[in-house]
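Novice: My structure is stored as entry.txt, with compact mmCIF, C-alpha atoms and all ligand atoms.
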# COMPACT_ATOMS: atom_id res chain seq x y z
CA MET D 215 77.67 110.56 104.40
CA LEU D 216 78.82 113.66 102.54
CA GLN D 217 82.31 112.24 102.33
CA GLU D 218 80.94 108.99 100.85
CA LEU D 219 78.91 110.96 98.27
CA LEU D 220 81.99 112.95 97.27
CA LYS D 221 83.98 109.74 97.00
CA GLN D 222 81.37 108.17 94.70
CA LEU D 223 81.32 111.32 92.58
CA ALA D 224 85.11 111.38 92.34
CA TYR D 225 85.16 107.72 91.27
CA ARG D 226 82.51 108.36 88.61
CA CYS D 227 84.63 111.20 87.26
CA GLY D 228 87.57 108.82 86.99
CA PHE D 229 89.49 109.87 90.09
CA SER D 230 90.60 107.66 92.89
CA LEU D 231 90.84 109.25 96.32
CA ARG D 232 93.46 106.68 97.24
CA ARG D 233 95.57 107.88 94.32
CA MET D 234 95.15 111.50 95.38
CA ARG D 235 96.36 110.71 98.88
CA GLY D 236 99.03 108.11 98.11
CA VAL D 237 99.07 104.64 99.67
CA LYS D 238 96.57 104.41 102.53
CA THR D 239 95.16 101.23 104.00
CA HIS D 240 92.79 100.31 106.78
CA GLY D 241 95.51 98.34 108.53
CA ASP D 242 97.64 100.47 110.80
CA GLY D 243 100.69 98.22 110.94
CA ALA D 244 100.68 98.63 114.72
CA GLY D 245 102.95 96.16 116.42
CA SER D 246 104.88 95.49 113.19
CA ALA D 247 108.58 96.21 113.22
CA ARG D 248 109.67 98.92 110.77
CA LEU D 249 111.67 96.84 108.33
CA GLY D 250 113.52 99.62 106.51
CA ASN D 251 116.02 98.03 104.10
CA ASP D 252 116.57 94.84 106.13
CA GLY D 253 116.04 92.14 103.50
CA GLU D 254 116.42 89.21 105.88
CA ALA D 255 113.75 90.57 108.23
CA LEU D 256 111.58 91.24 105.18
CA ARG D 257 111.94 87.64 104.00
CA GLN D 258 110.87 86.36 107.43
CA ALA D 259 107.96 88.78 107.62
CA ILE D 260 106.61 87.64 104.23
CA HIS D 261 107.33 83.91 104.33
CA ALA D 262 106.63 81.73 107.34
CA LEU D 263 108.05 78.84 105.28
CA ASP D 264 111.00 79.01 102.87
CA PRO D 265 109.41 79.13 99.37
CA TYR D 266 112.37 77.21 97.93
CA ALA D 267 112.30 74.37 100.49
CA GLY D 268 111.61 71.01 98.85
CA PHE D 269 111.12 72.54 95.41
CA ALA D 270 112.36 70.07 92.73
CA HIS D 271 113.88 72.65 90.40
CA GLU D 272 115.91 70.07 88.44
CA ALA D 273 112.66 68.95 86.78
CA ILE D 274 112.36 72.36 85.06
CA ALA D 275 115.13 73.36 82.61
CA PHE D 276 116.66 76.83 82.97
CA ASP D 277 114.83 79.30 80.71
CA ALA D 278 115.04 82.96 81.67
CA ARG D 279 114.04 84.50 78.36
CA GLY D 280 112.70 87.98 79.05
CA TRP D 281 113.06 91.51 77.83
CA GLY D 282 115.64 94.24 78.40
CA SER D 283 117.59 92.40 81.07
CA GLN D 284 121.02 92.86 79.46
CA SER D 285 120.98 96.66 79.71
CA PRO D 286 124.14 98.36 81.08
CA ALA D 287 121.76 100.43 83.27
CA PHE D 288 121.58 97.57 85.80
CA GLY D 289 125.34 97.49 86.41
CA LYS D 290 125.60 101.27 86.37
CA LEU D 291 122.81 101.85 88.92
CA VAL D 292 123.69 98.95 91.22
CA GLU D 293 127.29 100.21 91.30
CA ARG D 294 126.23 103.81 91.95
CA ILE D 295 123.68 103.02 94.68
CA ARG D 296 125.22 99.87 96.24
CA PRO D 297 121.73 98.97 97.57
CA ARG D 298 121.04 96.78 100.57
CA LEU D 299 117.54 96.20 99.26
CA ILE D 300 116.28 96.19 95.67
CA ILE D 301 112.58 95.96 94.85
CA GLU D 302 111.56 94.71 91.41
CA VAL D 303 107.99 95.10 90.17
CA GLY D 304 107.48 92.72 87.22
CA THR D 305 109.81 89.73 87.27
CA TRP D 306 108.38 87.21 84.75
CA LYS D 307 110.97 84.39 84.53
CA GLY D 308 113.55 86.32 86.54
CA ALA D 309 115.97 87.58 83.87
CA SER D 310 116.32 91.14 85.23
CA ALA D 311 116.41 89.94 88.86
CA ILE D 312 119.20 87.51 87.95
CA GLU D 313 121.10 90.32 86.18
CA MET D 314 120.83 92.57 89.26
CA ALA D 315 121.83 89.68 91.54
CA GLU D 316 124.93 89.10 89.41
CA GLN D 317 125.80 92.80 89.65
CA LEU D 318 125.48 92.62 93.47
CA GLU D 319 127.74 89.56 93.39
CA ARG D 320 130.32 91.37 91.22
CA LEU D 321 130.44 94.24 93.72
CA GLY D 322 130.78 91.91 96.71
CA LEU D 323 127.48 93.08 98.20
CA THR D 324 126.86 89.66 99.70
CA SER D 325 124.02 90.48 102.08
CA SER D 326 121.90 92.62 99.73
CA LYS D 327 118.52 91.19 98.75
CA ILE D 328 116.09 91.52 95.86
CA LEU D 329 112.34 91.49 96.50
CA CYS D 330 110.50 90.29 93.38
CA ILE D 331 106.88 91.45 93.15
CA ASP D 332 104.77 89.78 90.46
CA THR D 333 101.47 87.97 90.26
CA TRP D 334 103.17 85.63 87.79
CA LEU D 335 99.84 85.78 85.93
CA GLY D 336 101.14 87.89 83.04
CA ALA D 337 100.43 91.40 81.80
CA LEU D 338 97.74 92.54 79.34
CA GLU D 339 99.92 91.98 76.28
CA MET D 340 100.66 88.38 77.28
CA TRP D 341 97.07 87.24 76.95
CA GLY D 342 96.43 88.48 73.41
CA ASP D 343 98.00 86.11 70.90
CA HIS D 344 97.76 82.37 71.48
CA THR D 345 100.50 81.74 68.92
CA ASP D 346 103.03 83.92 70.77
CA ARG D 347 105.28 81.34 72.41
CA ASP D 348 107.34 83.89 74.36
CA ARG D 349 104.35 85.55 75.98
CA TYR D 350 101.12 83.50 76.03
CA GLY D 351 103.06 80.24 75.61
CA SER D 352 105.37 81.04 78.53
CA LEU D 353 102.41 81.53 80.86
CA ASP D 354 102.26 77.71 80.72
CA LEU D 355 98.57 77.34 81.51
CA LYS D 356 97.51 74.22 83.40
CA HIS D 357 93.72 73.86 83.64
CA GLY D 358 93.58 77.51 82.62
CA TYR D 359 95.96 78.81 85.33
CA PRO D 360 99.55 80.02 84.70
CA GLN D 361 102.46 77.94 86.03
CA LEU D 362 105.01 80.65 85.15
CA TYR D 363 105.94 81.15 88.83
CA TYR D 364 107.55 77.69 88.92
CA GLN D 365 109.75 78.53 85.93
CA PHE D 366 110.91 81.66 87.77
CA LEU D 367 111.51 79.71 90.98
CA ALA D 368 113.48 77.04 89.09
CA ASN D 369 115.61 79.69 87.37
CA ILE D 370 116.55 81.24 90.72
CA CYS D 371 117.51 77.79 92.05
CA HIS D 372 119.55 76.93 88.92
CA LYS D 373 121.54 80.14 89.54
CA GLY D 374 121.89 79.40 93.27
CA LEU D 375 120.26 82.72 94.20
CA GLN D 376 117.76 81.48 96.80
CA GLN D 377 119.37 83.55 99.55
CA ARG D 378 119.26 86.70 97.43
CA VAL D 379 115.83 86.63 95.84
CA ILE D 380 112.58 86.89 97.79
CA PRO D 381 109.39 86.19 95.78
CA PHE D 382 106.31 88.23 96.69
CA PRO D 383 103.43 86.94 94.54
CA LEU D 384 100.96 89.82 94.79
CA PRO D 385 99.52 92.55 92.56
CA SER D 386 101.86 95.54 92.82
CA VAL D 387 99.21 97.73 94.48
CA THR D 388 98.69 95.21 97.30
CA ALA D 389 102.41 94.59 97.69
CA ALA D 390 102.99 98.35 98.00
CA GLN D 391 100.34 98.58 100.72
CA TRP D 392 101.95 95.71 102.64
CA LEU D 393 105.43 97.23 102.31
CA SER D 394 104.16 100.65 103.34
CA LEU D 395 102.56 99.25 106.49
CA ARG D 396 105.85 97.56 107.44
CA GLY D 397 107.94 100.66 106.83
CA VAL D 398 110.03 99.10 104.06
CA ARG D 399 112.43 101.41 102.21
CA ALA D 400 114.56 100.23 99.27
CA GLU D 401 117.49 102.12 97.79
CA LEU D 402 116.88 100.81 94.26
CA ILE D 403 113.47 100.04 92.72
CA TYR D 404 112.94 98.64 89.22
CA LEU D 405 109.51 98.99 87.57
CA ASP D 406 108.70 96.54 84.77
CA GLY D 407 105.16 95.38 85.58
CA SER D 408 102.07 96.53 83.71
CA HIS D 409 102.84 98.90 80.82
CA GLU D 410 99.37 100.50 80.77
CA GLU D 411 99.53 104.22 81.51
CA GLU D 412 97.35 104.34 84.63
CA ASP D 413 98.95 101.19 86.06
CA VAL D 414 102.43 102.59 85.52
CA TYR D 415 101.39 105.89 87.08
CA ALA D 416 99.98 104.00 90.10
CA ASP D 417 103.21 101.99 90.44
CA LEU D 418 105.27 105.20 90.21
CA THR D 419 103.16 106.83 92.93
CA ASP D 420 103.18 103.84 95.26
CA PHE D 421 106.81 102.85 94.85
CA TRP D 422 108.22 106.38 94.93
CA ASP D 423 106.97 106.47 98.52
CA LEU D 424 108.88 103.26 99.24
CA LEU D 425 112.15 104.61 97.84
CA ALA D 426 114.81 105.53 100.41
CA ALA D 427 116.27 109.03 100.40
CA GLY D 428 119.17 109.13 97.93
CA GLY D 429 117.73 106.12 96.08
CA VAL D 430 116.83 105.58 92.43
CA LEU D 431 113.57 104.42 90.86
CA PHE D 432 114.10 103.11 87.33
CA GLY D 433 112.20 101.19 84.73
CA ASP D 434 112.03 99.57 81.33
CA ASP D 435 110.39 100.36 77.99
CA TYR D 436 110.35 104.15 77.78
CA ALA D 437 109.51 103.68 74.08
CA TRP D 438 106.19 102.06 75.14
CA THR D 439 103.50 104.77 74.91
CA GLY D 440 101.79 103.97 78.24
CA VAL D 441 105.12 103.94 80.07
CA LYS D 442 106.30 107.19 78.49
CA MET D 443 103.02 109.01 79.22
CA ALA D 444 103.02 107.95 82.88
CA VAL D 445 106.72 108.59 83.48
CA ASP D 446 106.56 112.02 81.81
CA ARG D 447 103.45 112.96 83.81
CA PHE D 448 104.91 111.80 87.13
CA SER D 449 108.32 113.43 86.64
CA THR D 450 106.73 116.72 85.54
CA GLN D 451 104.27 116.79 88.44
CA HIS D 452 107.02 116.10 90.96
CA ARG D 453 109.63 118.30 89.22
CA LEU D 454 112.05 115.40 88.93
CA GLN D 455 114.83 115.18 86.40
CA LEU D 456 114.23 112.24 84.09
CA GLN D 457 117.32 110.38 82.93
CA HIS D 458 117.75 107.72 80.25
CA LEU D 459 120.07 104.99 79.14
CA GLU D 460 118.91 103.14 76.02
CA ASP D 461 115.30 102.14 76.76
CA LYS D 462 115.67 102.47 80.55
CA TRP D 463 114.57 105.62 82.40
CA TRP D 464 115.24 106.67 85.98
CA LEU D 465 114.44 109.21 88.69
CA ALA D 466 116.65 109.95 91.68
CA LYS D 467 115.32 110.94 95.12
CA ALA D 468 117.09 113.69 97.02
CA ALA D 469 119.37 112.41 99.82
C1 LIG K 1 107.49 92.60 80.99
S1 LIG K 1 107.26 91.36 82.20
C2 LIG K 1 108.68 91.53 83.24
C3 LIG K 1 109.95 91.15 82.53
C4 LIG K 1 111.12 90.94 83.45
N1 LIG K 1 111.48 92.12 84.19
C5 LIG K 1 112.30 90.39 82.66
O1 LIG K 1 113.43 90.79 82.91
O2 LIG K 1 112.12 89.56 81.78
C6 LIG K 1 105.94 92.04 83.16
C7 LIG K 1 105.57 91.23 84.40
O3 LIG K 1 104.76 92.06 85.21
C8 LIG K 1 103.78 91.27 85.84
N2 LIG K 1 102.66 92.18 86.19
C9 LIG K 1 101.89 92.90 85.35
N3 LIG K 1 101.01 93.65 86.03
C10 LIG K 1 101.26 93.42 87.34
C11 LIG K 1 100.68 93.91 88.56
N4 LIG K 1 99.71 94.82 88.55
N5 LIG K 1 101.17 93.44 89.71
C12 LIG K 1 102.17 92.54 89.74
N6 LIG K 1 102.75 92.04 88.62
C13 LIG K 1 102.30 92.47 87.44
C14 LIG K 1 103.43 90.20 84.84
O4 LIG K 1 102.91 89.06 85.48
C15 LIG K 1 104.78 89.96 84.16
O5 LIG K 1 105.44 88.87 84.74
Would it be possible to restate this file's structure as structure tokens?
Specialist:
Amino acid sequence: MLQELLKQLAYRCGFSLRRMRGVKTHGDGAGSARLGNDGEALRQAIHALDPYAGFAHEAIAFDARGWGSQSPAFGKLVERIRPRLIIEVGTWKGASAIEMAEQLERLGLTSSKILCIDTWLGALEMWGDHTDRDRYGSLDLKHGYPQLYYQFLANICHKGLQQRVIPFPLPSVTAAQWLSLRGVRAELIYLDGSHEEEDVYADLTDFWDLLAAGGVLFGDDYAWTGVKMAVDRFSTQHRLQLQHLEDKWWLAKAA
């Protein structure tokens, strides 16, 4: 009773108890195997059926226009970390996932996987301007609901990356809870989902916990005010050294 009252009070004052404690869920994950960085086991745990099976990707032309996917930071970090598992939060049409997949290919890391977390419903800035073909237009609304996911799926098929890339179509907060319950740990995590300060801070908090020791958490758009505020706050609070390359920022976890 008292605890519930305190919780209500904290929420009214703008705090979330969940945020104070880190990722906590009511599921206990009992009986689930701890997946660690095993991408193949992760794929099987998420998808009972292969999401690419029977998908007619030839009907959708390749179009992976996105933002910031050509940065040298991808090659540099993939080469430094040589990850078995990469988690990406915010995939859109798949440009950055494809770039990281190509870097894994270049390094001969044939069994490494990339988990792509996205609702494929767009971020706040994509729903503002109906004349913006790259953002609102690319959502590709059918009866009011985005079809963007199918463009992403087609792009992955056009590049022949179905074995590499695992789609996980959930809000990042829910995906983080699921991954936490299954004991997933990735060596490289890329954040490029919501750019609103509190959302970025929540993603930092949730996905830092999912980062393996010795791993790197990095992200896009440091010049974006919400991103900068959240990244600065998180790195200061946790006494982490913030590093930059062009518009990418990253934080390394102690080994
Ligand atoms: C800037 S785009 C990602 C761009 C992509 N990395 C690229 O290389 O082009 C942001 C993406 O984050 C997704 N997104 C925004 N908020 C999210 C959330 N809370 N959970 C999951 N996905 C989210 C949007 O649907 C959108 O596809």
Novice: Could the residues that lie within 6 Å of ligand LIG 1 (chain K), counting only C-alpha atoms and all ligand atoms, be listed as a list in words?
Specialist: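 Here is the list of contacting residues: Gly280, Trp281, Ser283, Gly304, Thr305, Trp306, Lys307, Gly308, Ala309, Ser310, Ile331, Asp332, Thr333, Trp334, Leu335, Gly336, Ala337, Leu384, Pro385, Ser386, Asp406, Gly407 and Ser408 of chain D.
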Novice: Counting only C-alpha atoms, figure out which residue out of D:Asp264, D:Leu256, D:Trp463, D:Asp423 gets nearest to Gln376 of chain D.
Specialist: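 Residue with the minimum atom-to-atom distance to Gln376 of chain D: D:Asp264.
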Novice: Let me make sure I understand: among D:Leu367, D:Ile380, D:Leu395, D:Leu465, which one has the smallest atom-to-atom distance to Trp422 of chain D if we use all atoms listed in the file?
Specialist: D:Leu465
Novice: From the options D:Leu338, D:Leu329, D:Val398, D:Ile300, which residue's atoms come nearest to Glu410 of chain D, counting all atoms listed in the file?
Specialist: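 Using all atoms listed in the file, Glu410 of chain D sits closest to D:Leu338.
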Novice: List the residues sitting within 8 Å of (115.2, 75.0, 94.8) in the file's frame, using only C-alpha atoms, as a PyMOL selection string.
Specialist: chain D and resi 266-271+367-368+370-372+376
Novice: Using C-alpha atoms, can you export the residues from the last selection as a compact mmCIF listing (two decimals), keeping the file's coordinate frame?
Specialist:
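part.txt, written as the output of this step:
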# COMPACT_ATOMS: atom_id res chain seq x y z
CA TYR D 266 112.37 77.21 97.93
CA ALA D 267 112.30 74.37 100.49
CA GLY D 268 111.61 71.01 98.85
CA PHE D 269 111.12 72.54 95.41
CA ALA D 270 112.36 70.07 92.73
CA HIS D 271 113.88 72.65 90.40
CA LEU D 367 111.51 79.71 90.98
CA ALA D 368 113.48 77.04 89.09
CA ILE D 370 116.55 81.24 90.72
CA CYS D 371 117.51 77.79 92.05
CA HIS D 372 119.55 76.93 88.92
CA GLN D 376 117.76 81.48 96.80
Novice: So which residues are close to (124.7, 98.7, 97.5), meaning at most 12 Å away in the file's coordinates with all atoms listed in the file counted, and can you show them as a PyMOL selection string?
Specialist: chain D and resi 251+289-300+314-315+317-328+400-402+428-430
Novice: Would you mind telling me which residue in D:Trp392, D:Trp438, D:Tyr404, D:Tyr363 lies nearest to Leu425 of chain D when using all atoms listed in the file?
Specialist: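 Using all atoms listed in the file, Leu425 of chain D sits closest to D:Tyr404.
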Novice: Using only C-alpha atoms, which of D:Gly440, D:Gly351, D:Gly397, D:Pro265 sits nearest Phe382 of chain D?
Specialist: D:Pro265
Novice: When distances are computed from all atoms listed in the file, which of D:Leu424, D:Val414, D:Leu431, D:Leu355 shows the smallest separation from Ala287 of chain D?
Specialist: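 The closest residue to Ala287 of chain D is D:Leu431.
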Novice: Kindly give the distance, in Å, that separates atom CA of Glu254 of chain D and atom CA of Val387 of chain D, rounded to a single decimal.
Specialist: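 For atom CA of Glu254 of chain D relative to atom CA of Val387 of chain D, the distance reads 22.3 Å.
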Novice: Please report the interatomic distance between atom CA of Pro381 of chain D and atom CA of Val445 of chain D in Å with one decimal.
Specialist: 25.7 Å
Novice: Report, in Å with one decimal, the straight-line distance from atom CA of Ile403 of chain D to atom CA of Glu302 of chain D.
Specialist: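 Computing the Euclidean distance for atom CA of Ile403 of chain D and atom CA of Glu302 of chain D yields 5.8 Å.
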Novice: Identify, on the basis of all atoms listed in the file, every residue whose closest approach to Ala437 of chain D does not exceed 12 Å; exclude the query and any residue fewer than 5 positions from it along the same chain; express the result as a list in words.
Specialist: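 Answer for this query is His409, Lys442, Met443, Ala444, Val445, Asp446, His458, Leu459, Glu460, Asp461, Lys462 and Trp463 of chain D.
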Novice: Which residues come within 10 Å of Ser352 of chain D, counting all atoms listed in the file, excluding same-chain residues fewer than 3 positions away, as JSON, numbers by chain?
Specialist: {"D": [277, 279, 306, 307, 336, 340, 346, 347, 348, 349, 355, 360, 361, 362, 365]}
